[in-house]
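**Student:** My structure is stored as entry_14.cif, with mmCIF, C-alpha atoms.
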data_structure
loop_
_atom_site.label_atom_id
_atom_site.label_comp_id
_atom_site.auth_asym_id
_atom_site.auth_seq_id
_atom_site.Cartn_x
_atom_site.Cartn_y
_atom_site.Cartn_z
CA MET A 24 35.40 10.60 22.62
CA SER A 25 35.80 13.96 20.92
CA GLN A 26 33.36 15.55 23.36
CA SER A 27 35.27 14.14 26.35
CA SER A 28 38.58 15.40 24.99
CA SER A 29 37.23 18.89 24.41
CA ALA A 30 35.65 18.92 27.87
CA VAL A 31 39.08 18.57 29.58
CA GLU A 32 41.07 20.67 27.14
CA LYS A 33 43.45 23.11 28.81
CA PRO A 34 41.88 26.58 29.01
CA ARG A 35 43.46 29.56 27.32
CA ALA A 36 45.84 31.69 29.38
CA GLU A 37 43.71 34.83 28.94
CA ASP A 38 40.74 32.97 30.45
CA LEU A 39 42.62 32.24 33.71
CA PRO A 40 43.33 34.70 36.56
CA CYS A 41 46.82 36.02 37.08
CA VAL A 42 48.72 34.19 39.84
CA PHE A 43 49.45 37.57 41.48
CA SER A 44 45.92 38.98 41.11
CA THR A 45 44.84 38.20 44.70
CA ILE A 46 48.13 39.06 46.44
CA ALA A 47 49.36 42.14 44.56
CA SER A 48 47.73 44.50 47.06
CA LYS A 49 49.07 42.51 50.04
CA TYR A 50 52.66 42.76 48.83
CA SER A 51 52.52 46.25 47.40
CA LYS A 52 55.11 47.31 50.00
CA LEU A 53 57.54 44.97 48.25
CA SER A 54 57.00 47.05 45.08
CA LEU A 55 54.84 44.31 43.55
CA ARG A 56 52.76 46.14 40.99
CA PRO A 57 49.05 45.45 40.29
CA CYS A 58 47.99 43.36 37.33
CA GLU A 59 47.95 44.73 33.82
CA THR A 60 44.44 45.86 32.82
CA LYS A 61 44.86 46.72 29.15
CA GLU A 62 43.01 44.48 26.72
CA SER A 63 45.83 44.01 24.22
CA GLN A 64 48.46 42.18 26.25
CA THR A 65 50.25 38.86 26.19
CA TRP A 66 49.03 36.24 28.66
CA ARG A 67 51.07 33.15 29.57
CA HIS A 68 50.27 30.01 31.50
CA ALA A 69 51.74 30.04 35.01
CA ASP A 70 52.65 26.32 35.03
CA THR A 71 55.34 26.53 32.33
CA PRO A 72 58.81 25.31 33.48
CA THR A 73 60.40 28.76 33.24
CA THR A 74 57.67 30.48 35.21
CA THR A 75 57.56 27.69 37.81
CA ASN A 76 61.32 27.87 38.43
CA TRP A 77 61.19 31.62 38.92
CA LEU A 78 58.17 31.45 41.23
CA LYS A 79 60.05 29.02 43.49
CA LEU A 80 62.35 31.89 44.44
CA TYR A 81 59.49 33.94 45.90
CA VAL A 82 57.91 31.36 48.21
CA ASP A 83 59.72 32.70 51.29
CA TYR A 84 58.95 36.31 50.45
CA MET A 85 55.30 35.85 49.52
CA PRO A 86 53.76 32.92 51.46
CA LYS A 87 50.34 33.76 50.01
CA LEU A 88 51.58 32.89 46.54
CA ASN A 89 49.17 30.33 45.08
CA PHE A 90 50.87 27.27 43.65
CA TYR A 91 47.82 25.86 41.89
CA LEU A 92 49.65 27.08 38.83
CA TYR A 93 47.66 25.07 36.30
CA LEU A 94 44.61 27.13 37.31
CA HIS A 95 46.40 30.46 36.81
CA SER A 96 48.15 32.51 34.20
CA ILE A 97 50.52 35.46 34.46
CA CYS A 98 49.77 38.86 33.01
CA GLU A 99 52.20 40.83 30.89
CA LYS A 100 53.14 43.32 33.63
CA HIS A 101 54.01 40.68 36.23
CA PHE A 102 55.85 38.58 33.65
CA ASN A 103 58.04 41.57 32.82
CA GLN A 104 58.55 42.49 36.49
CA VAL A 105 59.04 39.05 38.07
CA ILE A 106 59.95 36.51 35.39
CA SER A 107 61.74 38.09 32.43
CA THR A 108 64.39 39.86 34.58
CA ASN A 109 65.88 39.36 38.05
CA HIS A 110 65.44 43.00 39.11
CA PHE A 111 62.53 42.24 41.42
CA HIS A 112 64.39 39.30 42.89
CA ARG A 113 67.47 41.45 43.55
CA HIS A 114 65.20 44.07 45.08
CA LEU A 115 63.91 41.49 47.57
CA LEU A 116 67.42 40.32 48.36
CA ASP A 117 68.48 43.90 49.11
CA ASN A 118 65.47 44.46 51.35
CA PRO A 119 66.60 44.55 55.04
CA ALA A 120 63.39 42.81 56.06
CA PHE A 121 64.63 39.64 54.34
CA LYS A 122 68.20 39.76 55.64
CA ASN A 123 68.01 36.24 57.09
CA LYS A 124 66.69 34.83 53.82
CA ARG A 125 69.60 36.31 51.91
CA LEU A 126 71.86 33.44 53.01
CA ARG A 127 69.83 31.11 50.84
CA PHE A 128 70.85 32.90 47.65
CA ASN A 129 74.47 33.74 48.65
CA ALA A 130 76.39 31.22 46.58
CA SER A 131 79.80 32.65 47.60
CA SER A 132 79.30 32.13 51.36
CA ASP A 133 81.72 29.66 52.96
CA SER A 134 79.77 29.33 56.21
CA PRO A 135 78.69 25.70 56.82
CA THR A 136 75.68 26.99 58.67
CA SER A 137 74.56 29.13 55.78
CA THR A 138 75.19 26.29 53.36
CA TYR A 139 73.25 23.91 55.57
CA ASN A 140 70.41 26.38 55.98
CA SER A 141 70.39 27.05 52.27
CA ASN A 142 70.29 23.35 51.41
CA THR A 143 67.61 22.70 54.00
CA ARG A 144 65.55 25.59 52.72
CA GLU A 145 65.94 24.35 49.17
CA GLU A 146 64.80 20.88 50.18
CA ILE A 147 61.82 22.32 52.03
CA ASN A 148 60.93 24.43 49.03
CA GLU A 149 61.29 21.48 46.70
CA LEU A 150 59.14 19.35 48.99
CA TYR A 151 56.57 22.12 49.20
CA LEU A 152 56.48 22.44 45.43
CA GLU A 153 56.22 18.69 44.97
CA THR A 154 53.37 18.59 47.48
CA SER A 155 51.71 21.45 45.67
CA HIS A 156 52.09 19.64 42.37
CA ILE A 157 50.65 16.47 43.86
CA ARG A 158 47.69 18.41 45.18
CA ASN A 159 47.32 20.06 41.80
CA TYR A 160 47.34 16.68 40.10
CA GLU A 161 44.85 15.27 42.59
CA HIS A 162 42.62 18.27 42.09
CA THR A 163 42.96 17.89 38.33
CA ILE A 164 42.10 14.20 38.53
CA THR A 165 39.05 15.01 40.67
CA ILE A 166 37.89 17.61 38.16
CA LEU A 167 38.46 15.19 35.28
CA GLN A 168 36.52 12.46 37.07
CA GLN A 169 33.65 14.85 37.70
CA GLN A 170 33.68 15.98 34.09
CA LEU A 171 33.80 12.39 32.85
CA GLN A 172 30.93 11.43 35.17
CA GLU A 173 28.88 14.39 33.97
CA GLN A 174 29.67 13.49 30.37
CA GLU A 175 28.67 9.87 31.02
CA ASN A 176 25.40 11.00 32.62
CA ARG A 177 24.66 13.24 29.65
CA GLU A 178 25.39 10.42 27.23
CA LEU A 179 23.19 8.01 29.20
CA THR A 180 20.40 10.59 29.15
CA MET A 181 20.82 11.03 25.41
CA ILE A 182 20.78 7.26 24.87
CA THR A 183 17.61 6.95 26.96
CA GLU A 184 15.95 9.71 24.94
CA PHE A 185 17.05 8.07 21.68
CA GLN A 186 15.61 4.73 22.80
CA ARG A 187 12.33 6.41 23.78
CA ASN A 188 12.19 8.20 20.43
CA ILE A 189 12.89 4.94 18.60
CA GLU A 190 10.06 3.19 20.47
CA ASN A 191 7.69 6.05 19.64
CA GLN A 192 8.75 5.93 16.00
CA GLU A 193 8.17 2.17 15.92
CA GLN A 194 4.63 2.68 17.25
CA VAL A 195 3.99 5.36 14.63
CA ILE A 196 5.39 3.13 11.87
CA LEU A 197 3.20 0.20 13.02
CA LYS A 198 0.11 2.42 13.01
CA LEU A 199 0.93 3.79 9.56
CA ARG A 200 1.54 0.26 8.28
CA ARG A 201 -1.93 -0.85 9.45
CA GLN A 202 -3.49 2.20 7.82
CA LEU A 203 -1.59 1.45 4.61
CA GLU A 204 -2.88 -2.14 4.59
CA GLU A 205 -6.44 -0.89 5.08
CA ARG A 206 -6.03 1.61 2.24
CA GLN A 207 -4.61 -1.09 -0.02
CA GLU A 208 -7.59 -3.33 0.73
CA VAL A 209 -9.98 -0.48 -0.12
CA ILE A 210 -8.06 0.15 -3.34
CA VAL A 211 -8.33 -3.55 -4.30
CA ASN A 212 -12.10 -3.48 -3.69
CA LEU A 213 -12.48 -0.30 -5.71
CA LYS A 214 -10.46 -1.81 -8.54
CA GLY A 215 -12.80 -4.84 -8.52
CA LEU A 216 -15.88 -2.61 -8.64
CA LEU A 217 -14.33 -0.51 -11.37
CA SER A 218 -13.54 -3.62 -13.40
CA ASP A 219 -17.15 -4.84 -13.04
CA GLU A 220 -18.50 -1.46 -14.08
CA VAL A 221 -16.16 -1.34 -17.07
CA ASP A 222 -17.29 -4.81 -18.18
CA ARG A 223 -20.94 -3.84 -17.74
CA ASN A 224 -20.44 -0.62 -19.64
CA GLU A 225 -18.67 -2.44 -22.45
CA GLU A 226 -21.55 -4.91 -22.62
CA LEU A 227 -24.07 -2.08 -22.79
CA VAL A 228 -22.07 -0.28 -25.46
CA LYS A 229 -21.77 -3.50 -27.43
CA HIS A 230 -25.49 -4.15 -27.09
CA TRP A 231 -26.32 -0.58 -28.09
CA ASP A 232 -24.00 -0.66 -31.09
CA SER A 233 -25.50 -3.96 -32.28
CA ARG A 234 -29.22 -3.06 -31.89
CA TYR A 235 -29.57 -2.56 -35.69
CA SER A 236 -26.97 -5.11 -36.77
CA ASN A 237 -29.43 -7.48 -38.54
CA GLN A 238 -32.98 -7.56 -39.93
CA ASP A 239 -34.53 -9.44 -37.01
CA LYS A 240 -33.34 -6.81 -34.55
CA ARG A 241 -34.61 -4.01 -36.73
CA ILE A 242 -38.00 -5.74 -37.03
CA GLN A 243 -38.08 -6.24 -33.27
CA VAL A 244 -37.38 -2.56 -32.68
CA VAL A 245 -40.18 -1.56 -35.06
CA THR A 246 -42.51 -4.06 -33.37
CA ASP A 247 -41.67 -2.69 -29.92
CA ILE A 248 -42.38 0.83 -31.11
CA ALA A 249 -45.70 -0.29 -32.63
CA LEU A 250 -46.69 -2.02 -29.41
CA ILE A 251 -45.90 1.10 -27.44
CA GLU A 252 -48.04 3.16 -29.81
CA ARG A 253 -50.81 0.56 -29.70
CA ASN A 254 -50.81 0.49 -25.90
CA PHE A 255 -50.95 4.24 -25.86
CA LEU A 256 -53.95 4.25 -28.23
CA TYR A 257 -55.57 1.43 -26.27
CA GLU A 258 -55.31 3.34 -23.02
CA ASN A 259 -56.81 6.41 -24.63
CA ARG A 260 -59.65 4.36 -26.17
CA LYS A 261 -60.29 2.64 -22.85
CA LYS A 262 -60.59 5.97 -21.10
CA GLU A 263 -62.98 7.21 -23.82
CA PHE A 264 -65.24 4.12 -23.52
CA VAL A 265 -65.34 4.39 -19.74
CA LEU A 266 -66.22 8.06 -20.02
CA VAL A 267 -68.95 7.41 -22.62
CA PHE A 268 -70.51 4.59 -20.63
CA THR A 269 -70.44 6.69 -17.50
CA ILE A 270 -72.20 9.58 -19.24
CA ARG A 271 -74.71 7.26 -20.92
CA GLU A 272 -75.47 5.50 -17.67
CA VAL A 273 -76.24 8.81 -16.09
CA GLN A 274 -78.53 9.76 -18.97
CA ILE A 275 -80.60 6.54 -19.36
CA GLY A 276 -80.18 5.09 -15.91
CA PRO A 277 -78.61 1.83 -14.80
CA LYS A 278 -81.73 -0.35 -15.33
CA GLN A 279 -81.55 -0.64 -19.15
CA ARG A 280 -80.70 -4.31 -19.75
CA GLY A 281 -79.13 -3.91 -23.18
CA PHE A 282 -76.88 -1.12 -22.00
CA LEU A 283 -75.70 -3.14 -19.05
CA VAL A 284 -74.91 -6.15 -21.29
CA LEU A 285 -72.94 -3.98 -23.71
CA LYS A 286 -71.07 -2.36 -20.86
CA GLY A 287 -70.20 -5.76 -19.41
CA ILE A 288 -68.93 -7.03 -22.78
CA VAL A 289 -66.74 -4.00 -23.34
CA LEU A 290 -65.28 -4.12 -19.83
CA LYS A 291 -64.63 -7.84 -20.25
CA MET A 292 -62.73 -7.16 -23.46
CA PHE A 293 -60.62 -4.59 -21.66
CA GLN A 294 -59.87 -7.06 -18.86
CA ILE A 295 -58.82 -9.74 -21.36
CA HIS A 296 -56.63 -7.25 -23.15
CA ASP A 297 -54.99 -6.16 -19.89
CA LEU A 298 -54.35 -9.78 -18.93
CA LYS A 299 -52.68 -10.49 -22.27
CA ARG A 300 -50.50 -7.44 -21.86
CA LYS A 301 -49.35 -8.57 -18.43
CA THR A 302 -48.62 -12.14 -19.58
CA GLY A 303 -46.93 -11.02 -22.80
CA THR A 304 -49.38 -12.83 -25.09
CA ARG A 305 -49.40 -11.55 -28.66
CA PHE A 306 -52.78 -10.49 -30.08
#
Starting from the file, lay out its structure as structure tokens.
**Tutor:**
Amino acid sequence: MSQSSSAVEKPRAEDLPCVFSTIASKYSKLSLRPCETKESQTWRHADTPTTTNWLKLYVDYMPKLNFYLYLHSICEKHFNQVISTNHFHRHLLDNPAFKNKRLRFNASSDSPTSTYNSNTREEINELYLETSHIRNYEHTITILQQQLQEQENRELTMITEFQRNIENQEQVILKLRRQLEERQEVIVNLKGLLSDEVDRNEELVKHWDSRYSNQDKRIQVVTDIALIERNFLYENRKKEFVLVFTIREVQIGPKQRGFLVLKGIVLKMFQIHDLKRKTGTRF
């Protein structure tokens, strides 16, 4: 509503053309001066009651006078010449070219004809002014309707754009909501994995801290170390026996029966030992 009110607000007087701006040159012979051109001057609206009443007096003298007064202002020079004093009006009355029109303003005349003509002229002028005002009002209404229609179209366009933006925002929000749900699901899974790892780590720490907590565990640790050392020595001894038998076999040949029996016994012992190691049998 505020935009519509400002759109039809009455313009400033200095923003409107002077009512005499287009006819000053045409009626220069009547001593009508051109418009004031200085920047610092007082502008007035031409449709004020005082200005309108004075302008009625000049309709017969200046037929080109524009009576769309609401669209015009009056400059300082013409206000001083035409409105503020009656000098210009008296000048027109004294002009021989308007001798017949003088009867209209002669209030002391006793002639019925002059009185009749004066009254008739006044009625015609009043009718002309009323018609001009009606046209002005119709023109104003047309302008207001156009402005209101333009304002309505702009508002409809804005509403359409707002609706489109809202729909786009809803799509974006829906997409972000789905992404948020996916991220939350990932976070829940990561929390589960983290909890499992924490439990496993605590179990390992607990197991590590309790590896020497009693005598049986300490004995088991010593036994495990001894077995590791024993296996290491066994592997070394096995390699030495294999190397010795290989060298001896090369030296005496593979046909010595006693050597072959001894070699078979030793290799059998190694096989039995390896089998016990794999099955976990103590020996």
**Student:** How many Å lie between CA of His162 (chain A) and CA of Asp70 (chain A), rounded to one decimal?
**Tutor:**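 Spanning CA of His162 (chain A) to CA of Asp70 (chain A) is a straight-line distance of 14.7 Å.
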**Student:** Which residues, named as in the file, does the PyMOL selection byres ((chain A and resi 57) around 6) pick out? Answer as a list of chain:residue names.
**Tutor:**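 On this input, the PyMOL selection byres ((chain A and resi 57) around 6) captures A:Ala47, A:Arg56, A:Cys58.
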**Student:** Just write the chosen residues, C-alpha atoms, as a CSV table (one decimal), keeping the file's coordinate frame.
**Tutor:**
chain,number,residue,atom,x,y,z
A,47,ALA,CA,49.4,42.1,44.6
A,56,ARG,CA,52.8,46.1,41.0
A,58,CYS,CA,48.0,43.4,37.3
**Student:** Write out as a PyMOL selection string the residues lying within 12 Å of region 99-112 of chain A, counting all atoms listed in the file and excluding same-chain residues fewer than 2 positions away.
**Tutor:** chain A and resi 36-37+41-44+46-47+53-69+71-85+96-97+114-118+121+125+128
**Student:** Just the number, please: distance in Å from CA of His230 (chain A) to CA of Val244 (chain A), one decimal.
**Tutor:**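 Taking CA of His230 (chain A) and CA of Val244 (chain A), their separation equals 13.2 Å.
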**Student:** Mind giving me the straight-line distance from CA of Asp38 (chain A) to CA of His95 (chain A) in Å, one decimal?
**Tutor:**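 One can read the CA of Asp38 (chain A) to CA of His95 (chain A) distance as 8.9 Å.
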**Student:** Go through A:Tyr91, A:Lys229, A:Asn191, A:Leu179 one by one, measure the shortest atom-to-atom distance of each to Asn159 (chain A) using all atoms listed in the file, and give the residue with the smallest value.
**Tutor:**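 Between A:Tyr91, A:Lys229, A:Asn191, A:Leu179, the residue approaching Asn159 (chain A) most closely is A:Tyr91.
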